2 protein chains.
Amino acid sequence: MSLLGAVVSDPSSDVLRTLRTVCDTRGLEDLGARLGRLSELVRWDLEEIAAAIDAVPNSGSWVQQSGHHLLRQGGKRLRPMCVALAYRLASEQDGPTVLTPAARALAVAVELVHAATLLHDDVVDLGDQRRGAPAARLLFGNAASIFAGDWLLVDALKRVRSAEVDGTLERLFDIIEEMIEAESIQLEHRNRVDLSVANYFKIVEGKTAALFRWATWAGARAGGFDAGRSDALEQYGLHLGVAFQLVDDLLDYTGDEEKTGKALFADLREGKMTHPVLVARDTDPEAAALLTELTEAGDSADAALRHALLDRLRKTGALDQTRALAAERATRAVQALADMPDCAARQALHTVALATVERER
Amino acid sequence: MSLLGAVVSDPSSDVLRTLRTVCDTRGLEDLGARLGRLSELVRWDLEEIAAAIDAVPNSGSWVQQSGHHLLRQGGKRLRPMCVALAYRLASEQDGPTVLTPAARALAVAVELVHAATLLHDDVVDLGDQRRGAPAARLLFGNAASIFAGDWLLVDALKRVRSAEVDGTLERLFDIIEEMIEAESIQLEHRNRVDLSVANYFKIVEGKTAALFRWATWAGARAGGFDAGRSDALEQYGLHLGVAFQLVDDLLDYTGDEEKTGKALFADLREGKMTHPVLVARDTDPEAAALLTELTEAGDSADAALRHALLDRLRKTGALDQTRALAAERATRAVQALADMPDCAARQALHTVALATVERER
C-alpha cells in the first residue's frame, strides 16, 4: 500500500505517479487517486513548511545540532499537514494559494513540539534509532538531546505567540501539559502487564492525539473558523490521532523495518503495552503468559519468544481487532467533517484518515 | 556571616533577631541591620509567593510529584525576591502592600523556570543531592525528572502569559533560549581544562545571570516602569547573577556542606571548570597540573589530590580573586540603581547585592 509518508516527506518527487502504481497493484485505485489529489493540493504548503523548518536558526552548538539532526530526517510531517488542511478548509482555499505567515508558523510549531517530544522520549526510552537514522542522543549525548527538546519546545511556543491566532497559545500550553501527564501514566505503567485498556487510551489520547487535536484546531482558527467550528475539526484530530497510534502499535509488530525506520518489537522492549497485546492478553491465556515472560526477560528476551507472541497476536485476531478499531476511529474522524464545507481540503482530510489506516510507515 | 537564604526561605521565623546576632558576632552590624530591614519589607511578599508555589496543582502523577518534591525543598527563592523588589521599586510601594496578581505570577514563574532547569541539570549531571535532599531523579527516576522540568517550564510560561505584562513573555522565551545555549557551551567544555575565561563568562551569563536579568526586568515592568527604566534594572540583575555564580563557585570549594546542602568539589567532579580554578590554572603551573590530573581521574580522584588543589587555590590567591570579582560585580549591580527612586526597595536591592557576596549557602 502506498505510504502516506511518501506524499509528504518528499513533495518534490513525482509522488502522484509512484503512489498510483503501488495502489493500482494492490487494487486500491480509489485511495491511490485520492492520495494523488491530496498531494497536488498540499505539495506547495508542505514545501513552504519544509523550507521554514530548514530555516530554523542553527548556532552550531551541540544542542542546536541535535535538534537539526532530527529535523533533517524529515519524518511524515503529518501534523503540519493537518494544520495546513484545516487552514484550507476553514478559509476555503482550494487553489495553490500559499499559507498565511500565521498558518505557516502554526504548522512549523506543531512539528517542532513533536520533535521536542521525540528528543526527550529517545532519552527516556534509550532509543537508538529514529526515522531510520541514529538518534540525536547517540551523536551528541543525552544531555544535548534533553536541552534540544527544551529549545525546540520554546522555539515552537515563540512562533505560536508571534502568529497571534486567538486562543492557540493558551490551548497549546494545555495540550503540552496533557502530553506530559500521559507520559507520566506511561512511565508509571512501564513493564506493567496489567495496564488497563482505559489507561492505554489515556496514554494514547495524551501522548499522540492531543497534538493532532491542536493541529486541526489551530489550523481552523488561523483559517477563520470560530471556536465552535474549530472544535468540530478538533474532534477530527482526536480520532485521527488515536487511529494513527493504533496503526503505530501494529507496525511495531508487523511492519517492515526498512520502511518504518524502527526495529520491530521496540514497544515491548521499552516495557510498553500496546493495543494488540492488551487484546490478546484479555482473550488468550497463552498470550498473557508469553507477555509476562517477555516483559520479565526485557531486552534479553529470546527471539523465539517474541515470534511466539506475534503468532498469538495473529491467531487470536488481536492484530485484526486493532486494525478494525483504527479503521473505526478513522471513520469517526471523517464523520467529524460532516458539516464542513465540501471542498478539496475536506476531501483531503478524508484521504488522510483513510491513508492513516493503510500506512506502512 | 548571616545567610541571605535565612531571610527568604523562612520568612515567618524570627529572622531579624537571628541575623543580627550572627552579624554582630562577625562585626558586620551594618549588613545585619540591612538584612533586618530587607526581611521586614519582603516577608509578606515572600509568604504570598511561597503560598502560590505550594498551590501549584499536583495530580499525584510521578511527574508532578517530582516537581513538587523539588519545590517543597524551598531553596533561597532569590529570583522571586528580585521580582518582588523590582516591582516595589518601580511602583514605589514601601509599605506592606501585597503584590498585584500579575507581579506575583511573574515571581512564581521565575522560580518555576529555575526549578525546571534544576530538574534537567540533575539528570544531565547525575546529581544525587539537591537543596540538602535526594534529587527528584533518585526518587522518581530520570524520565520523570525530565518531564517534570518540561511541565514546570510550560506552567511557568502559562503564568507569564496570563499575567499579561507587556513584553515579559517574549523576553522570557529569549532568556530561556540563552540559558539553553549556555548549557550547550558548558556541555561542549565538560572536562576541558582549557575552557577559556571568555567561555566561562558566557556560561555564567547564560545559565545564571539571564534569569536574574529577567526577574528584575519583569518585576520593573509589572510595577509600571517603561522598557528603558526596566533595562537599567535588568543591568542590576545581570551583575547580581554573575556575583551570585562566582560565590557559588567559591562555596563549591570552601563551603560548609551542612549549609549549602551540596557536597564539596561537585563542580570538578561534574567536569565543570569554575572561576577559581581558571585563575589558578593561569597563574600557577602546579595548580594547572593538579587540575588536569583531577579531571582525568574524574569521580575516582583521590581526596588528597582534591585537597592539594584547594591548597593551591588558597595559596595562589585564586579564591580571593574570585571573591573580589564577586564583590566588584555586586558593586556594579548597586551602581545600576543610581538613578532609581530612593526608597526602601532600592535599599533592599542594595542589601541583596551585598548579602549575595557574603552568603554561605
# chains A, B, ... in the order shown; residues from 1 in each chain; ligands from 1
call {"tool": "interface_residues", "arguments": {"of": "chain A", "to": "chain B", "cutoff": "8 Å", "atoms": "only C-alpha atoms", "output": "number ranges by chain"}}
result
A: 61-63, 120, 123-124, 142-144, 146-147, 150-151, 154-155, 158, 170, 173, 176-177, 180-181, 183-185, 187-188
call {"tool": "write_last_selection", "arguments": {"atoms": "N, CA, C and O atoms", "output": "mmCIF file, in the first residue's frame"}}
result
data_model
loop_
_atom_site.group_PDB
_atom_site.id
_atom_site.type_symbol
_atom_site.label_atom_id
_atom_site.label_comp_id
_atom_site.auth_asym_id
_atom_site.auth_seq_id
_atom_site.Cartn_x
_atom_site.Cartn_y
_atom_site.Cartn_z
ATOM 1 N N SER A 61 25.800 24.994 17.988
ATOM 2 C CA SER A 61 26.027 24.376 19.304
ATOM 3 C C SER A 61 25.551 22.926 19.256
ATOM 4 O O SER A 61 24.733 22.563 18.414
ATOM 5 N N TRP A 62 26.043 22.111 20.166
ATOM 6 C CA TRP A 62 25.616 20.706 20.205
ATOM 7 C C TRP A 62 24.099 20.601 20.336
ATOM 8 O O TRP A 62 23.475 19.726 19.740
ATOM 9 N N VAL A 63 23.550 21.487 21.154
ATOM 10 C CA VAL A 63 22.107 21.438 21.379
ATOM 11 C C VAL A 63 21.361 21.699 20.066
ATOM 12 O O VAL A 63 20.474 20.937 19.676
ATOM 13 N N HIS A 120 13.073 14.054 23.835
ATOM 14 C CA HIS A 120 13.001 13.636 25.232
ATOM 15 C C HIS A 120 12.647 12.155 25.345
ATOM 16 O O HIS A 120 13.200 11.444 26.180
ATOM 17 N N VAL A 123 15.632 9.881 24.951
ATOM 18 C CA VAL A 123 16.473 9.797 26.153
ATOM 19 C C VAL A 123 15.800 8.886 27.180
ATOM 20 O O VAL A 123 16.430 8.002 27.763
ATOM 21 N N VAL A 124 14.500 9.076 27.349
ATOM 22 C CA VAL A 124 13.754 8.296 28.343
ATOM 23 C C VAL A 124 13.761 6.811 27.987
ATOM 24 O O VAL A 124 13.939 5.946 28.854
ATOM 25 N N ASN A 142 22.982 12.343 25.668
ATOM 26 C CA ASN A 142 21.655 12.520 26.276
ATOM 27 C C ASN A 142 21.418 13.957 26.707
ATOM 28 O O ASN A 142 20.323 14.495 26.536
ATOM 29 N N ALA A 143 22.445 14.575 27.273
ATOM 30 C CA ALA A 143 22.269 15.923 27.801
ATOM 31 C C ALA A 143 21.875 16.881 26.683
ATOM 32 O O ALA A 143 20.921 17.658 26.809
ATOM 33 N N ALA A 144 22.595 16.816 25.553
ATOM 34 C CA ALA A 144 22.276 17.715 24.440
ATOM 35 C C ALA A 144 20.870 17.438 23.917
ATOM 36 O O ALA A 144 20.157 18.360 23.504
ATOM 37 N N ILE A 146 18.297 16.392 25.712
ATOM 38 C CA ILE A 146 17.332 16.981 26.660
ATOM 39 C C ILE A 146 17.205 18.478 26.390
ATOM 40 O O ILE A 146 16.102 19.009 26.231
ATOM 41 N N PHE A 147 18.353 19.150 26.297
ATOM 42 C CA PHE A 147 18.296 20.602 26.086
ATOM 43 C C PHE A 147 17.750 20.939 24.697
ATOM 44 O O PHE A 147 17.100 21.972 24.512
ATOM 45 N N ASP A 150 14.112 20.999 24.988
ATOM 46 C CA ASP A 150 13.707 22.254 25.635
ATOM 47 C C ASP A 150 13.719 23.399 24.624
ATOM 48 O O ASP A 150 12.800 24.218 24.569
ATOM 49 N N TRP A 151 14.785 23.433 23.851
ATOM 50 C CA TRP A 151 14.945 24.517 22.879
ATOM 51 C C TRP A 151 13.816 24.497 21.837
ATOM 52 O O TRP A 151 13.177 25.540 21.578
ATOM 53 N N VAL A 154 10.498 25.664 23.289
ATOM 54 C CA VAL A 154 10.408 27.115 23.474
ATOM 55 C C VAL A 154 10.326 27.818 22.119
ATOM 56 O O VAL A 154 9.547 28.761 21.936
ATOM 57 N N ASP A 155 11.091 27.337 21.157
ATOM 58 C CA ASP A 155 11.048 27.942 19.822
ATOM 59 C C ASP A 155 9.644 27.809 19.224
ATOM 60 O O ASP A 155 9.128 28.748 18.607
ATOM 61 N N LYS A 158 7.268 30.236 20.904
ATOM 62 C CA LYS A 158 7.566 31.579 20.408
ATOM 63 C C LYS A 158 6.857 31.848 19.079
ATOM 64 O O LYS A 158 6.307 32.924 18.851
ATOM 65 N N GLU A 170 -2.637 29.552 24.376
ATOM 66 C CA GLU A 170 -3.194 29.017 25.631
ATOM 67 C C GLU A 170 -3.510 27.530 25.458
ATOM 68 O O GLU A 170 -3.231 26.715 26.327
ATOM 69 N N PHE A 173 -0.411 25.366 25.458
ATOM 70 C CA PHE A 173 0.088 25.128 26.824
ATOM 71 C C PHE A 173 -0.660 23.945 27.449
ATOM 72 O O PHE A 173 -0.067 23.037 28.021
ATOM 73 N N ILE A 176 0.241 20.585 25.832
ATOM 74 C CA ILE A 176 1.554 20.068 26.246
ATOM 75 C C ILE A 176 1.456 19.481 27.653
ATOM 76 O O ILE A 176 2.029 18.432 27.944
ATOM 77 N N GLU A 177 0.694 20.147 28.515
ATOM 78 C CA GLU A 177 0.522 19.584 29.863
ATOM 79 C C GLU A 177 -0.188 18.227 29.798
ATOM 80 O O GLU A 177 0.173 17.306 30.532
ATOM 81 N N ILE A 180 2.363 15.655 28.780
ATOM 82 C CA ILE A 180 3.296 15.299 29.853
ATOM 83 C C ILE A 180 2.616 14.371 30.862
ATOM 84 O O ILE A 180 3.217 13.399 31.332
ATOM 85 N N GLU A 181 1.359 14.654 31.184
ATOM 86 C CA GLU A 181 0.652 13.760 32.116
ATOM 87 C C GLU A 181 0.520 12.363 31.519
ATOM 88 O O GLU A 181 0.632 11.360 32.237
ATOM 89 N N GLU A 183 2.645 11.018 29.459
ATOM 90 C CA GLU A 183 3.982 10.427 29.596
ATOM 91 C C GLU A 183 4.133 9.830 30.988
ATOM 92 O O GLU A 183 4.730 8.763 31.164
ATOM 93 N N SER A 184 3.595 10.550 31.983
ATOM 94 C CA SER A 184 3.729 10.068 33.354
ATOM 95 C C SER A 184 2.958 8.763 33.546
ATOM 96 O O SER A 184 3.471 7.816 34.150
ATOM 97 N N ILE A 185 1.735 8.703 33.017
ATOM 98 C CA ILE A 185 0.961 7.453 33.142
ATOM 99 C C ILE A 185 1.733 6.310 32.478
ATOM 100 O O ILE A 185 1.824 5.206 33.009
ATOM 101 N N LEU A 187 4.999 6.075 32.030
ATOM 102 C CA LEU A 187 6.135 5.733 32.910
ATOM 103 C C LEU A 187 5.694 4.851 34.070
ATOM 104 O O LEU A 187 6.357 3.868 34.407
ATOM 105 N N GLU A 188 4.581 5.258 34.697
ATOM 106 C CA GLU A 188 4.127 4.549 35.889
ATOM 107 C C GLU A 188 3.679 3.123 35.557
ATOM 108 O O GLU A 188 3.588 2.279 36.454
#
call {"tool": "residues_around", "arguments": {"residues": "Ala333 in chain A", "least_positions_apart": "6", "cutoff": "10 Å", "atoms": "only C-alpha atoms", "output": "MDAnalysis selection string"}}
result
chainID A and resid 232:243 327 349:350 352:354
call {"tool": "select_by_dssp", "arguments": {"residues": "range 105-286 of chain A", "states": "strand (DSSP E or B)", "output": "list in words"}}
result
Gln129, Arg130, Ala133 and Pro134 of chain A
call {"tool": "select_by_dssp", "arguments": {"residues": "range 122-354 of chain A", "states": "alpha helix (DSSP H)", "output": "PyMOL selection string"}}
result
chain A and resi 122-124+136-163+168-188+197-204+210-222+227-254+257-260+266-269+275-283+285-297+303-315+318-335+344-354
call {"tool": "closest_residue", "arguments": {"among": "B:Pro96, B:Pro80, B:Pro341, B:Gly255", "to": "Ala50 in chain B", "atoms": "only C-alpha atoms"}}
result
B:Pro80
call {"tool": "residues_around", "arguments": {"residues": "Arg88 in chain B", "least_positions_apart": "6", "cutoff": "7 Å", "atoms": "only C-alpha atoms", "output": "MDAnalysis selection string"}}
result
chainID B and resid 94 223 345
call {"tool": "write_last_selection", "arguments": {"atoms": "C-alpha atoms", "output": "mmCIF file, in the first residue's frame"}}
result
data_model
loop_
_atom_site.group_PDB
_atom_site.id
_atom_site.type_symbol
_atom_site.label_atom_id
_atom_site.label_comp_id
_atom_site.auth_asym_id
_atom_site.auth_seq_id
_atom_site.Cartn_x
_atom_site.Cartn_y
_atom_site.Cartn_z
ATOM 1 C CA ASP B 94 7.305 50.754 50.561
ATOM 2 C CA GLY B 223 5.455 47.817 38.639
ATOM 3 C CA ALA B 345 13.019 48.714 47.803
#
call {"tool": "atom_distance", "arguments": {"atom1": "CA of His69 in chain B", "atom2": "CA of Glu111 in chain B"}}
result
14.0 Å
call {"tool": "closest_residue", "arguments": {"among": "A:Gly32, A:Leu112, A:Ala102, A:Ser91", "to": "Leu71 in chain A", "atoms": "only C-alpha atoms"}}
result
A:Leu112
call {"tool": "closest_residue", "arguments": {"among": "B:Ala133, B:Leu31, B:Ala86, B:Ala209", "to": "Thr260 in chain B", "atoms": "only C-alpha atoms"}}
result
B:Ala133
call {"tool": "atom_distance", "arguments": {"atom1": "CA of Asp299 in chain A", "atom2": "CA of Leu264 in chain A"}}
result
12.6 Å
call {"tool": "atom_distance", "arguments": {"atom1": "CA of Arg190 in chain A", "atom2": "CA of Lys272 in chain A"}}
result
5.8 Å
call {"tool": "residues_around", "arguments": {"residues": "Phe201 in chain B", "least_positions_apart": "3", "cutoff": "10 Å", "atoms": "only C-alpha atoms", "output": "ChimeraX atom specification"}}
result
/B:182,196-198,204-207,209,242,274-275
call {"tool": "write_last_selection", "arguments": {"atoms": "N, CA, C and O atoms", "output": "PDB file, in the first residue's frame"}}
result
ATOM      1  N   ALA B 182      23.778  28.421  26.731  1.00  0.00           N
ATOM      2  CA  ALA B 182      24.847  28.375  27.735  1.00  0.00           C
ATOM      3  C   ALA B 182      25.054  26.947  28.235  1.00  0.00           C
ATOM      4  O   ALA B 182      26.195  26.513  28.456  1.00  0.00           O
ATOM      5  N   SER B 196      38.143  28.612  28.137  1.00  0.00           N
ATOM      6  CA  SER B 196      38.626  29.998  28.197  1.00  0.00           C
ATOM      7  C   SER B 196      37.807  30.787  29.211  1.00  0.00           C
ATOM      8  O   SER B 196      36.661  30.437  29.514  1.00  0.00           O
ATOM      9  N   VAL B 197      38.414  31.849  29.711  1.00  0.00           N
ATOM     10  CA  VAL B 197      37.697  32.704  30.661  1.00  0.00           C
ATOM     11  C   VAL B 197      36.487  33.329  29.964  1.00  0.00           C
ATOM     12  O   VAL B 197      35.408  33.481  30.563  1.00  0.00           O
ATOM     13  N   ALA B 198      36.638  33.644  28.662  1.00  0.00           N
ATOM     14  CA  ALA B 198      35.510  34.220  27.917  1.00  0.00           C
ATOM     15  C   ALA B 198      34.335  33.239  27.877  1.00  0.00           C
ATOM     16  O   ALA B 198      33.179  33.622  28.091  1.00  0.00           O
ATOM     17  N   VAL B 204      28.204  31.535  32.508  1.00  0.00           N
ATOM     18  CA  VAL B 204      27.625  32.145  33.711  1.00  0.00           C
ATOM     19  C   VAL B 204      26.525  33.146  33.346  1.00  0.00           C
ATOM     20  O   VAL B 204      25.452  33.169  33.958  1.00  0.00           O
ATOM     21  N   GLU B 205      26.800  33.945  32.328  1.00  0.00           N
ATOM     22  CA  GLU B 205      25.788  34.943  31.956  1.00  0.00           C
ATOM     23  C   GLU B 205      24.521  34.270  31.442  1.00  0.00           C
ATOM     24  O   GLU B 205      23.416  34.728  31.698  1.00  0.00           O
ATOM     25  N   GLY B 206      24.687  33.169  30.723  1.00  0.00           N
ATOM     26  CA  GLY B 206      23.511  32.480  30.197  1.00  0.00           C
ATOM     27  C   GLY B 206      22.817  31.625  31.239  1.00  0.00           C
ATOM     28  O   GLY B 206      21.616  31.741  31.460  1.00  0.00           O
ATOM     29  N   LYS B 207      23.592  30.766  31.906  1.00  0.00           N
ATOM     30  CA  LYS B 207      22.963  29.804  32.814  1.00  0.00           C
ATOM     31  C   LYS B 207      22.398  30.467  34.055  1.00  0.00           C
ATOM     32  O   LYS B 207      21.372  30.067  34.574  1.00  0.00           O
ATOM     33  N   ALA B 209      22.932  34.343  35.114  1.00  0.00           N
ATOM     34  CA  ALA B 209      22.558  35.758  35.159  1.00  0.00           C
ATOM     35  C   ALA B 209      21.322  36.058  34.309  1.00  0.00           C
ATOM     36  O   ALA B 209      20.554  36.971  34.624  1.00  0.00           O
ATOM     37  N   VAL B 242      25.870  37.329  38.053  1.00  0.00           N
ATOM     38  CA  VAL B 242      27.269  36.924  37.909  1.00  0.00           C
ATOM     39  C   VAL B 242      27.919  36.819  39.290  1.00  0.00           C
ATOM     40  O   VAL B 242      28.621  35.839  39.589  1.00  0.00           O
ATOM     41  N   THR B 274      35.461  26.163  37.065  1.00  0.00           N
ATOM     42  CA  THR B 274      34.843  27.386  37.576  1.00  0.00           C
ATOM     43  C   THR B 274      35.908  28.465  37.758  1.00  0.00           C
ATOM     44  O   THR B 274      37.097  28.230  37.538  1.00  0.00           O
ATOM     45  N   HIS B 275      35.451  29.645  38.173  1.00  0.00           N
ATOM     46  CA  HIS B 275      36.348  30.793  38.178  1.00  0.00           C
ATOM     47  C   HIS B 275      37.633  30.592  38.974  1.00  0.00           C
ATOM     48  O   HIS B 275      38.725  30.846  38.441  1.00  0.00           O
TER      49      HIS B 275
END
call {"tool": "residues_around", "arguments": {"residues": "Ala220 in chain A", "least_positions_apart": "2", "cutoff": "6 Å", "atoms": "only C-alpha atoms", "output": "list in words"}}
result
Ala86, Tyr87, Ala90, Trp217, Ala218, Ala222, Gly223, Phe225 and Ser230 of chain A
call {"tool": "residues_around", "arguments": {"residues": "Pro276 in chain A", "least_positions_apart": "3", "cutoff": "12 Å", "atoms": "only C-alpha atoms", "output": "VMD selection string"}}
result
chain A and resid 197 200 245 to 254 267 to 268 272 to 273 279 to 284 287 to 288 291 309 to 326
